[in-house]
file input-v5.txt (compact mmCIF, C-alpha atoms)
# COMPACT_ATOMS: atom_id res chain seq x y z
CA MET A 208 14.08 -42.77 4.73
CA HIS A 209 15.67 -44.18 1.61
CA THR A 210 19.17 -45.56 1.53
CA LEU A 211 21.56 -45.80 -1.40
CA ARG A 212 24.33 -48.35 -1.28
CA HIS A 213 27.67 -47.54 -2.83
CA PRO A 214 30.72 -49.84 -2.86
CA GLY A 215 32.18 -49.87 0.63
CA ASN A 216 30.00 -47.01 1.77
CA ARG A 217 26.50 -46.95 3.29
CA ILE A 218 24.92 -43.60 2.56
CA SER A 219 21.85 -42.07 4.11
CA THR A 220 19.66 -40.03 1.78
CA VAL A 221 17.04 -37.37 2.35
CA THR A 222 13.99 -37.39 0.08
CA ARG A 223 12.08 -34.20 -0.65
CA ILE A 224 9.03 -33.94 -2.81
CA PHE A 225 8.81 -30.90 -5.06
CA ARG A 226 5.81 -29.37 -6.71
CA ALA A 227 5.64 -28.74 -10.43
CA LEU A 228 8.18 -26.16 -11.53
CA ALA A 229 8.85 -24.63 -14.97
CA PHE A 230 7.45 -26.59 -17.93
CA GLY A 231 4.67 -27.85 -15.62
CA LEU A 232 7.30 -30.17 -14.27
CA LEU A 233 7.09 -32.89 -11.63
CA LEU A 234 10.29 -33.45 -9.69
CA ALA A 235 10.08 -36.61 -7.64
CA SER A 236 12.49 -37.81 -5.01
CA LEU A 237 15.41 -35.46 -4.41
CA THR A 238 18.32 -37.26 -2.77
CA ILE A 239 21.65 -36.05 -1.46
CA ALA A 240 24.21 -38.81 -1.82
CA THR A 241 27.93 -39.42 -1.73
CA ALA A 242 30.14 -41.49 -4.02
CA ARG A 243 33.75 -42.51 -3.66
CA SER A 244 36.12 -41.60 -6.47
CA GLN A 245 39.27 -43.45 -7.45
CA THR A 246 41.21 -41.12 -5.18
CA ASN A 247 38.87 -42.12 -2.32
CA GLN A 248 37.62 -38.57 -1.96
CA ALA A 249 33.94 -38.13 -1.24
CA VAL A 250 31.97 -36.75 -4.18
CA GLN A 251 28.63 -35.32 -3.15
CA PHE A 252 25.79 -35.16 -5.63
CA THR A 253 22.05 -34.64 -5.65
CA GLN A 254 19.76 -37.19 -7.24
CA GLN A 255 16.15 -36.78 -8.31
CA VAL A 256 13.59 -38.34 -10.61
CA VAL A 257 12.24 -35.87 -13.15
CA ASP A 258 9.15 -36.06 -15.37
CA VAL A 259 9.22 -33.45 -18.14
CA PRO A 260 6.03 -32.84 -20.16
CA THR A 261 6.79 -33.31 -23.86
CA ARG A 262 4.10 -34.21 -26.40
CA PRO A 263 0.40 -33.76 -25.51
CA GLY A 264 -0.40 -36.08 -22.62
CA VAL A 265 3.14 -37.51 -22.55
CA THR A 266 5.95 -37.09 -20.04
CA GLN A 267 9.59 -38.13 -20.30
CA ARG A 268 11.14 -39.52 -17.12
CA PHE A 269 14.84 -39.54 -16.28
CA LEU A 270 17.08 -39.96 -13.26
CA TYR A 271 19.12 -36.79 -12.74
CA LEU A 272 22.41 -36.81 -10.80
CA VAL A 273 24.32 -33.58 -10.25
CA PRO A 274 27.72 -33.02 -8.61
CA GLN A 275 28.38 -29.75 -6.84
CA HIS A 276 30.20 -28.06 -9.75
CA PRO A 277 29.40 -29.85 -13.03
CA VAL A 278 31.54 -29.09 -16.06
CA ALA A 279 28.92 -30.43 -18.51
CA THR A 280 25.76 -32.51 -18.63
CA VAL A 281 25.44 -35.91 -20.31
CA ILE A 282 22.26 -37.73 -21.31
CA LEU A 283 22.71 -41.50 -21.20
CA PHE A 284 20.80 -43.77 -23.60
CA ALA A 285 20.77 -47.44 -22.63
CA GLY A 286 20.73 -50.18 -25.25
CA GLY A 287 18.24 -52.96 -25.87
CA GLN A 288 14.59 -51.94 -25.74
CA GLY A 289 15.43 -48.94 -23.52
CA GLY A 290 12.64 -49.64 -21.03
CA LEU A 291 14.30 -48.83 -17.69
CA GLN A 292 10.98 -48.30 -15.88
CA ILE A 293 12.47 -45.87 -13.37
CA SER A 294 10.43 -45.70 -10.17
CA THR A 295 9.66 -42.48 -8.30
CA GLU A 296 12.40 -43.54 -5.86
CA GLY A 297 14.99 -43.76 -8.65
CA GLU A 298 15.14 -47.55 -8.86
CA PHE A 299 15.42 -49.40 -12.17
CA MET A 300 12.88 -52.10 -12.88
CA GLY A 301 14.74 -52.97 -16.10
CA GLY A 302 18.09 -52.34 -17.74
CA GLY A 303 19.98 -51.68 -14.51
CA GLY A 304 22.94 -53.75 -15.66
CA ASN A 305 23.44 -51.78 -18.87
CA PHE A 306 26.94 -50.32 -19.22
CA LEU A 307 25.86 -46.69 -19.05
CA VAL A 308 23.21 -47.23 -16.40
CA ARG A 309 25.49 -49.11 -14.01
CA SER A 310 28.31 -46.60 -14.67
CA ARG A 311 26.24 -43.46 -14.10
CA GLN A 312 27.95 -42.51 -10.84
CA LEU A 313 31.37 -42.86 -12.46
CA PHE A 314 30.44 -39.98 -14.77
CA VAL A 315 29.39 -37.94 -11.72
CA GLU A 316 32.78 -38.59 -10.11
CA HIS A 317 34.36 -36.92 -13.14
CA GLY A 318 32.32 -33.76 -12.65
CA LEU A 319 29.52 -34.47 -15.12
CA ALA A 320 25.83 -34.02 -14.41
CA VAL A 321 23.98 -37.12 -15.62
CA ALA A 322 20.47 -37.72 -16.96
CA VAL A 323 19.59 -41.41 -17.44
CA VAL A 324 16.56 -41.42 -19.74
CA ASP A 325 13.75 -43.97 -19.70
CA ALA A 326 11.18 -44.69 -22.41
CA PRO A 327 8.46 -41.99 -22.40
CA SER A 328 5.19 -42.46 -20.55
CA ASP A 329 3.37 -43.70 -23.66
CA ARG A 330 6.04 -46.37 -24.28
CA GLN A 331 6.10 -48.05 -20.86
CA SER A 332 5.37 -51.54 -22.13
CA PHE A 333 7.02 -53.87 -24.62
CA PRO A 334 8.63 -53.04 -27.05
CA PHE A 335 9.40 -49.76 -25.21
CA LEU A 336 11.81 -47.89 -27.53
CA GLY A 337 11.82 -50.66 -30.12
CA GLY A 338 10.84 -49.06 -33.44
CA PHE A 339 10.72 -45.64 -31.75
CA ARG A 340 14.33 -44.50 -31.58
CA GLN A 341 14.35 -42.95 -35.06
CA THR A 342 11.07 -41.03 -34.88
CA SER A 343 10.14 -37.36 -34.64
CA GLN A 344 8.37 -38.09 -31.34
CA HIS A 345 11.60 -39.36 -29.77
CA VAL A 346 13.38 -36.25 -30.98
CA GLU A 347 10.64 -34.03 -29.53
CA ASP A 348 10.88 -35.78 -26.16
CA MET A 349 14.65 -35.37 -25.99
CA LYS A 350 14.50 -31.75 -27.10
CA ALA A 351 12.30 -31.05 -24.07
CA VAL A 352 14.76 -32.88 -21.81
CA MET A 353 17.72 -30.88 -23.16
CA ALA A 354 15.82 -27.62 -22.68
CA TRP A 355 15.06 -28.54 -19.07
CA LEU A 356 18.66 -29.51 -18.37
CA ARG A 357 19.99 -26.27 -19.81
CA GLN A 358 17.55 -24.29 -17.70
CA GLN A 359 18.83 -25.97 -14.52
CA GLN A 360 22.40 -24.92 -15.29
CA MET A 361 21.70 -21.34 -16.41
CA ALA A 362 23.15 -19.96 -13.19
CA GLN A 363 26.38 -21.85 -13.86
CA SER A 364 28.66 -22.31 -16.85
CA ALA A 365 27.83 -26.00 -17.26
CA ILE A 366 25.13 -25.73 -19.93
CA SER A 367 26.95 -27.93 -22.44
CA VAL A 368 24.73 -30.98 -23.04
CA TRP A 369 26.09 -34.16 -24.62
CA LEU A 370 24.34 -37.31 -25.77
CA ILE A 371 25.95 -40.66 -24.93
CA GLY A 372 24.51 -43.87 -26.33
CA THR A 373 25.56 -47.49 -26.04
CA SER A 374 24.55 -50.33 -28.38
CA ARG A 375 20.98 -49.55 -29.56
CA GLY A 376 21.20 -46.37 -27.52
CA THR A 377 23.60 -45.10 -30.21
CA GLN A 378 20.68 -45.14 -32.65
CA SER A 379 18.79 -42.76 -30.36
CA ALA A 380 21.74 -40.47 -29.70
CA ALA A 381 22.96 -40.30 -33.29
CA PHE A 382 19.50 -39.82 -34.80
CA ILE A 383 18.59 -37.02 -32.40
CA ALA A 384 21.91 -35.29 -33.13
CA THR A 385 21.24 -35.43 -36.88
CA GLN A 386 17.74 -33.96 -36.44
CA LEU A 387 18.53 -31.12 -34.02
CA ASP A 388 21.44 -28.74 -34.42
CA ARG A 389 22.62 -26.67 -31.49
CA THR A 390 20.71 -23.55 -32.56
CA ASN A 391 17.48 -25.57 -32.51
CA GLY A 392 17.98 -27.00 -29.04
CA GLY A 393 20.19 -29.92 -30.06
CA PRO A 394 23.24 -31.35 -28.29
CA ASP A 395 26.70 -29.84 -27.94
CA GLY A 396 28.45 -33.16 -28.51
CA LEU A 397 27.91 -36.86 -29.20
CA VAL A 398 29.50 -40.02 -27.81
CA LEU A 399 28.87 -43.40 -29.43
CA THR A 400 29.87 -46.55 -27.55
CA SER A 401 29.44 -50.07 -28.96
CA THR A 402 27.74 -48.53 -31.98
CA ILE A 403 25.15 -50.40 -34.03
CA LEU A 404 27.07 -50.70 -37.32
CA HIS A 405 24.63 -53.06 -39.07
CA GLU A 406 20.90 -53.50 -38.57
CA ASN A 407 18.76 -56.65 -38.51
CA LYS A 408 15.43 -55.31 -37.21
CA GLY A 409 14.55 -52.59 -39.69
CA GLY A 410 15.46 -48.95 -39.33
CA ARG A 411 18.97 -47.71 -39.95
CA ALA A 412 22.33 -48.56 -38.49
CA VAL A 413 24.23 -45.51 -37.30
CA PRO A 414 26.61 -45.26 -40.31
CA ASP A 415 23.55 -45.08 -42.58
CA MET A 416 22.21 -41.94 -40.87
CA GLN A 417 22.89 -38.41 -42.12
CA LEU A 418 26.06 -38.02 -40.09
CA GLN A 419 27.69 -35.79 -42.68
CA GLY A 420 25.53 -32.93 -41.44
CA LEU A 421 26.88 -33.03 -37.87
CA ARG A 422 28.75 -29.93 -36.73
CA ILE A 423 29.46 -31.01 -33.16
CA PRO A 424 32.32 -33.02 -31.60
CA VAL A 425 31.87 -36.79 -31.93
CA LEU A 426 33.69 -39.43 -29.89
CA VAL A 427 33.50 -43.10 -30.90
CA VAL A 428 34.38 -45.73 -28.28
CA HIS A 429 34.50 -49.40 -29.24
CA HIS A 430 35.83 -52.64 -27.83
CA GLU A 431 38.18 -54.36 -30.25
CA GLN A 432 36.88 -57.75 -29.06
CA ASP A 433 33.17 -56.90 -29.31
CA GLY A 434 31.53 -60.18 -30.31
CA CYS A 435 28.13 -58.76 -31.26
CA LYS A 436 27.58 -59.30 -34.98
CA LEU A 437 25.91 -55.91 -35.32
CA CYS A 438 28.89 -54.14 -33.74
CA ALA A 439 32.02 -55.85 -35.07
CA PHE A 440 35.13 -53.71 -34.63
CA SER A 441 36.17 -54.58 -38.20
CA ASP A 442 33.21 -52.46 -39.38
CA ILE A 443 34.28 -49.33 -37.49
CA PRO A 444 35.91 -47.79 -40.62
CA ARG A 445 32.41 -47.59 -42.13
CA LEU A 446 31.33 -45.39 -39.24
CA MET A 447 34.43 -43.20 -39.29
CA ASP A 448 34.03 -42.69 -43.05
CA ALA A 449 30.45 -41.57 -42.46
CA LEU A 450 31.82 -39.01 -39.98
CA SER A 451 34.36 -37.64 -42.48
CA ALA A 452 32.73 -34.18 -42.49
CA VAL A 453 32.97 -33.84 -38.70
CA SER A 454 35.91 -31.58 -37.85
CA GLN A 455 36.40 -32.76 -34.25
CA LYS A 456 36.17 -36.52 -33.90
CA GLU A 457 38.17 -39.37 -32.44
CA LEU A 458 38.06 -43.15 -32.14
CA ILE A 459 39.03 -44.69 -28.81
CA SER A 460 39.48 -48.45 -29.06
CA VAL A 461 39.79 -50.56 -25.93
CA ARG A 462 40.70 -54.13 -25.04
CA GLY A 463 40.43 -56.34 -21.99
CA GLY A 464 37.86 -56.92 -19.31
CA THR A 465 35.68 -60.00 -19.05
CA SER A 466 33.12 -61.40 -21.47
CA GLN A 467 30.19 -63.35 -20.05
CA GLY A 468 27.02 -64.64 -21.66
CA ASP A 469 25.44 -63.28 -24.84
CA PRO A 470 28.09 -61.32 -26.82
CA CYS A 471 25.53 -58.57 -27.47
CA GLU A 472 24.65 -58.08 -23.81
CA ALA A 473 25.96 -55.81 -21.07
CA ARG A 474 28.27 -58.29 -19.32
CA ALA A 475 30.21 -59.16 -22.47
CA TYR A 476 33.04 -57.16 -24.06
CA HIS A 477 30.18 -55.31 -25.74
CA GLY A 478 29.35 -53.76 -22.35
CA TYR A 479 32.94 -53.07 -21.21
CA ASN A 480 32.59 -55.54 -18.38
CA GLY A 481 35.43 -55.05 -15.90
CA ILE A 482 36.87 -51.93 -17.55
CA GLU A 483 34.04 -49.49 -16.86
CA GLN A 484 36.20 -47.12 -14.83
CA ASP A 485 38.81 -46.78 -17.57
CA VAL A 486 36.26 -46.33 -20.33
CA VAL A 487 34.25 -43.72 -18.43
CA THR A 488 37.44 -41.85 -17.49
CA ARG A 489 38.50 -41.62 -21.12
CA ILE A 490 35.04 -40.45 -22.21
CA ALA A 491 34.80 -37.87 -19.41
CA ASP A 492 38.32 -36.56 -20.10
CA TRP A 493 37.50 -36.13 -23.79
CA ILE A 494 34.28 -34.26 -23.03
CA THR A 495 35.98 -32.05 -20.45
CA ALA A 496 38.79 -31.20 -22.88
CA SER A 497 36.28 -30.38 -25.62
CA VAL A 498 34.25 -28.14 -23.34
CA GLY A 499 37.45 -26.42 -22.23
CA ARG A 500 38.41 -25.67 -25.85
CA LYS A 501 35.11 -23.80 -26.31
CA GLN A 502 35.52 -21.62 -23.23

call {"tool": "encode", "arguments": {"input": "input-v5.txt", "output": "structure tokens"}}
result
Amino acid sequence: MHTLRHPGNRISTVTRIFRALAFGLLLASLTIATARSQTNQAVQFTQQVVDVPTRPGVTQRFLYLVPQHPVATVILFAGGQGGLQISTEGEFMGGGGNFLVRSRQLFVEHGLAVAVVDAPSDRQSFPFLGGFRQTSQHVEDMKAVMAWLRQQQMAQSAISVWLIGTSRGTQSAAFIATQLDRTNGGPDGLVLTSTILHENKGGRAVPDMQLQGLRIPVLVVHHEQDGCKLCAFSDIPRLMDALSAVSQKELISVRGGTSQGDPCEARAYHGYNGIEQDVVTRIADWITASVGRKQ
């Protein structure tokens, strides 16, 4: 018996082991859990660890959380090296404090199915996703994940799949969106939080990618007090200019919270420390409104 702990609520979980399904898939550790929303109403969701075969000999693992009636699905890309090292029980050996990772259940409370992606099986040691985020292999892995997610929701209307990245995760999300349009299995929308606006390790910052080719909704979320030199709010106009061809876009700027430690880490303003609920609510509301406009 495995137990999940939620704030103020001890929840029993039931683990079931599945055999390989479509795509030669391994589903490990299905859990039924309950979260408490801001209105203190119980929100039930299932949780499982999924390994999707992608490239030859490679699988892509992610933690998949699904509320009873999802309105859309979001794929969350953590920052840093991206090596979450998700166990078969759904525990994080690394990156658990990342803004998106620690806020995953907040997205579920707003009716969104959530996939928290790890580094692929052939990148499970340092530097994990370092030097890999802007490669065709990364795109291929995520295309397989999006196909799997859409297959799970075929019986429902919630087949809209969005990419959400934070910090270096924005380089993954943005690059994949520029390489795959919707007709080729790409995302339905893109959310960039604490975007990498300048680069110091090679590769490209997000504004230097081919964003002018995007034809999907794009939401930019940024903390006005972000102290990370690669993500200064004063450089946001460079990103918005690069998105000038996108018809549906918006910038949400936020203030407040608490900044602790390294200004580029998850407990600083960079990681929306102390204002997670507000930031996730605004992101989820924007996605929900966008999905509603398409229906």

call {"tool": "residues_around", "arguments": {"input": "input-v5.txt", "residues": "Leu272 of chain A", "least_positions_apart": "2", "cutoff": "7 Å", "atoms": "only C-alpha atoms", "output": "PyMOL selection string"}}
result
chain A and resi 252-255+270+274+320-322

call {"tool": "atom_distance", "arguments": {"input": "input-v5.txt", "atom1": "atom CA of Val498 of chain A", "atom2": "atom CA of Gln484 of chain A"}}
result
20.9 Å

call {"tool": "closest_residue", "arguments": {"input": "input-v5.txt", "among": "A:Ile482, A:Val346, A:Ala475, A:Leu291", "to": "Asp388 of chain A", "atoms": "all atoms listed in the file"}}
result
A:Val346

call {"tool": "axis_aligned_box", "arguments": {"input": "input-v5.txt", "around": "segment 252-271 of chain A", "padding_each_side": "3 Å", "output": "JSON"}}
result
{"center_x": 12.7, "center_y": -36.4, "center_z": -16.0, "size_x": 32.2, "size_y": 13.1, "size_z": 26.8}

call {"tool": "closest_residue", "arguments": {"input": "input-v5.txt", "among": "A:Ser379, A:Gln288, A:Thr390, A:Ser497", "to": "Gln331 of chain A", "atoms": "all atoms listed in the file"}}
result
A:Gln288

call {"tool": "closest_atom_pairs", "arguments": {"input": "input-v5.txt", "of": "segment 316-376 of chain A", "to": "segment 256-261 of chain A", "cutoff": "10 Å", "atoms": "all atoms listed in the file", "output": "JSON lines"}}
result
{"residue": "A:Ala322", "atom": "CA", "partner": "A:Val257", "partner_atom": "CA", "distance": 9.3}
{"residue": "A:Val323", "atom": "CA", "partner": "A:Val256", "partner_atom": "CA", "distance": 9.6}
{"residue": "A:Val324", "atom": "CA", "partner": "A:Val257", "partner_atom": "CA", "distance": 9.6}
{"residue": "A:Pro327", "atom": "CA", "partner": "A:Thr261", "partner_atom": "CA", "distance": 9.0}
{"residue": "A:Ser328", "atom": "CA", "partner": "A:Asp258", "partner_atom": "CA", "distance": 9.1}
{"residue": "A:Gln344", "atom": "CA", "partner": "A:Thr261", "partner_atom": "CA", "distance": 9.0}
{"residue": "A:His345", "atom": "CA", "partner": "A:Thr261", "partner_atom": "CA", "distance": 9.7}
{"residue": "A:Glu347", "atom": "CA", "partner": "A:Thr261", "partner_atom": "CA", "distance": 6.9}
{"residue": "A:Asp348", "atom": "CA", "partner": "A:Thr261", "partner_atom": "CA", "distance": 5.3}
{"residue": "A:Met349", "atom": "CA", "partner": "A:Thr261", "partner_atom": "CA", "distance": 8.4}
{"residue": "A:Lys350", "atom": "CA", "partner": "A:Thr261", "partner_atom": "CA", "distance": 8.5}
{"residue": "A:Ala351", "atom": "CA", "partner": "A:Thr261", "partner_atom": "CA", "distance": 6.0}
{"residue": "A:Val352", "atom": "CA", "partner": "A:Val259", "partner_atom": "CA", "distance": 6.7}
{"residue": "A:Ala354", "atom": "CA", "partner": "A:Val259", "partner_atom": "CA", "distance": 9.9}
{"residue": "A:Trp355", "atom": "CA", "partner": "A:Val259", "partner_atom": "CA", "distance": 7.7}

call {"tool": "closest_residue", "arguments": {"input": "input-v5.txt", "among": "A:Pro263, A:Val461, A:Asp415, A:Val278", "to": "Asp485 of chain A", "atoms": "all atoms listed in the file"}}
result
A:Val461

call {"tool": "closest_residue", "arguments": {"input": "input-v5.txt", "among": "A:Tyr476, A:Phe314, A:Phe306, A:Phe269", "to": "Arg489 of chain A", "atoms": "all atoms listed in the file"}}
result
A:Phe314

call {"tool": "atom_distance", "arguments": {"input": "input-v5.txt", "atom1": "atom CA of Asp329 of chain A", "atom2": "atom CA of Gln292 of chain A"}}
result
11.8 Å

call {"tool": "residues_around", "arguments": {"input": "input-v5.txt", "residues": "Phe382 of chain A", "least_positions_apart": "5", "cutoff": "9 Å", "atoms": "only C-alpha atoms", "output": "list in words"}}
result
Arg340, Gln341, Thr342, Val346, Thr377, Leu387, Val413, Met416, Gln417 and Leu418 of chain A

call {"tool": "atom_distance", "arguments": {"input": "input-v5.txt", "atom1": "atom CA of Phe339 of chain A", "atom2": "atom CA of Asp433 of chain A"}}
result
25.2 Å

call {"tool": "closest_residue", "arguments": {"input": "input-v5.txt", "among": "A:Thr280, A:Thr295, A:Gln251, A:Ser460", "to": "Pro394 of chain A", "atoms": "all atoms listed in the file"}}
result
A:Thr280

call {"tool": "residues_near_point", "arguments": {"input": "input-v5.txt", "point": "(34.1, -30.5, -20.1)", "cutoff": "10 Å", "atoms": "only C-alpha atoms", "output": "PyMOL selection string"}}
result
chain A and resi 277-280+317-319+365+367-369+491-502

call {"tool": "write_last_selection", "arguments": {"input": "input-v5.txt", "atoms": "C-alpha atoms", "output": "short mmCIF file (atom, residue, chain, number, x, y, z; two decimals), in the coordinates of the input"}}
result
data_model
loop_
_atom_site.label_atom_id
_atom_site.label_comp_id
_atom_site.auth_asym_id
_atom_site.auth_seq_id
_atom_site.Cartn_x
_atom_site.Cartn_y
_atom_site.Cartn_z
CA PRO A 277 29.40 -29.85 -13.03
CA VAL A 278 31.54 -29.09 -16.06
CA ALA A 279 28.92 -30.43 -18.51
CA THR A 280 25.76 -32.51 -18.63
CA HIS A 317 34.36 -36.92 -13.14
CA GLY A 318 32.32 -33.76 -12.65
CA LEU A 319 29.52 -34.47 -15.12
CA ALA A 365 27.83 -26.00 -17.26
CA SER A 367 26.95 -27.93 -22.44
CA VAL A 368 24.73 -30.98 -23.04
CA TRP A 369 26.09 -34.16 -24.62
CA ALA A 491 34.80 -37.87 -19.41
CA ASP A 492 38.32 -36.56 -20.10
CA TRP A 493 37.50 -36.13 -23.79
CA ILE A 494 34.28 -34.26 -23.03
CA THR A 495 35.98 -32.05 -20.45
CA ALA A 496 38.79 -31.20 -22.88
CA SER A 497 36.28 -30.38 -25.62
CA VAL A 498 34.25 -28.14 -23.34
CA GLY A 499 37.45 -26.42 -22.23
CA ARG A 500 38.41 -25.67 -25.85
CA LYS A 501 35.11 -23.80 -26.31
CA GLN A 502 35.52 -21.62 -23.23
#

call {"tool": "closest_residue", "arguments": {"input": "input-v5.txt", "among": "A:Arg422, A:Arg474, A:Lys456, A:Lys436", "to": "Arg389 of chain A", "atoms": "all atoms listed in the file"}}
result
A:Arg422

call {"tool": "residues_around", "arguments": {"input": "input-v5.txt", "residues": "Val308 of chain A", "least_positions_apart": "5", "cutoff": "8 Å", "atoms": "all atoms listed in the file", "output": "ChimeraX atom specification"}}
result
/A:283,285,302-303,323
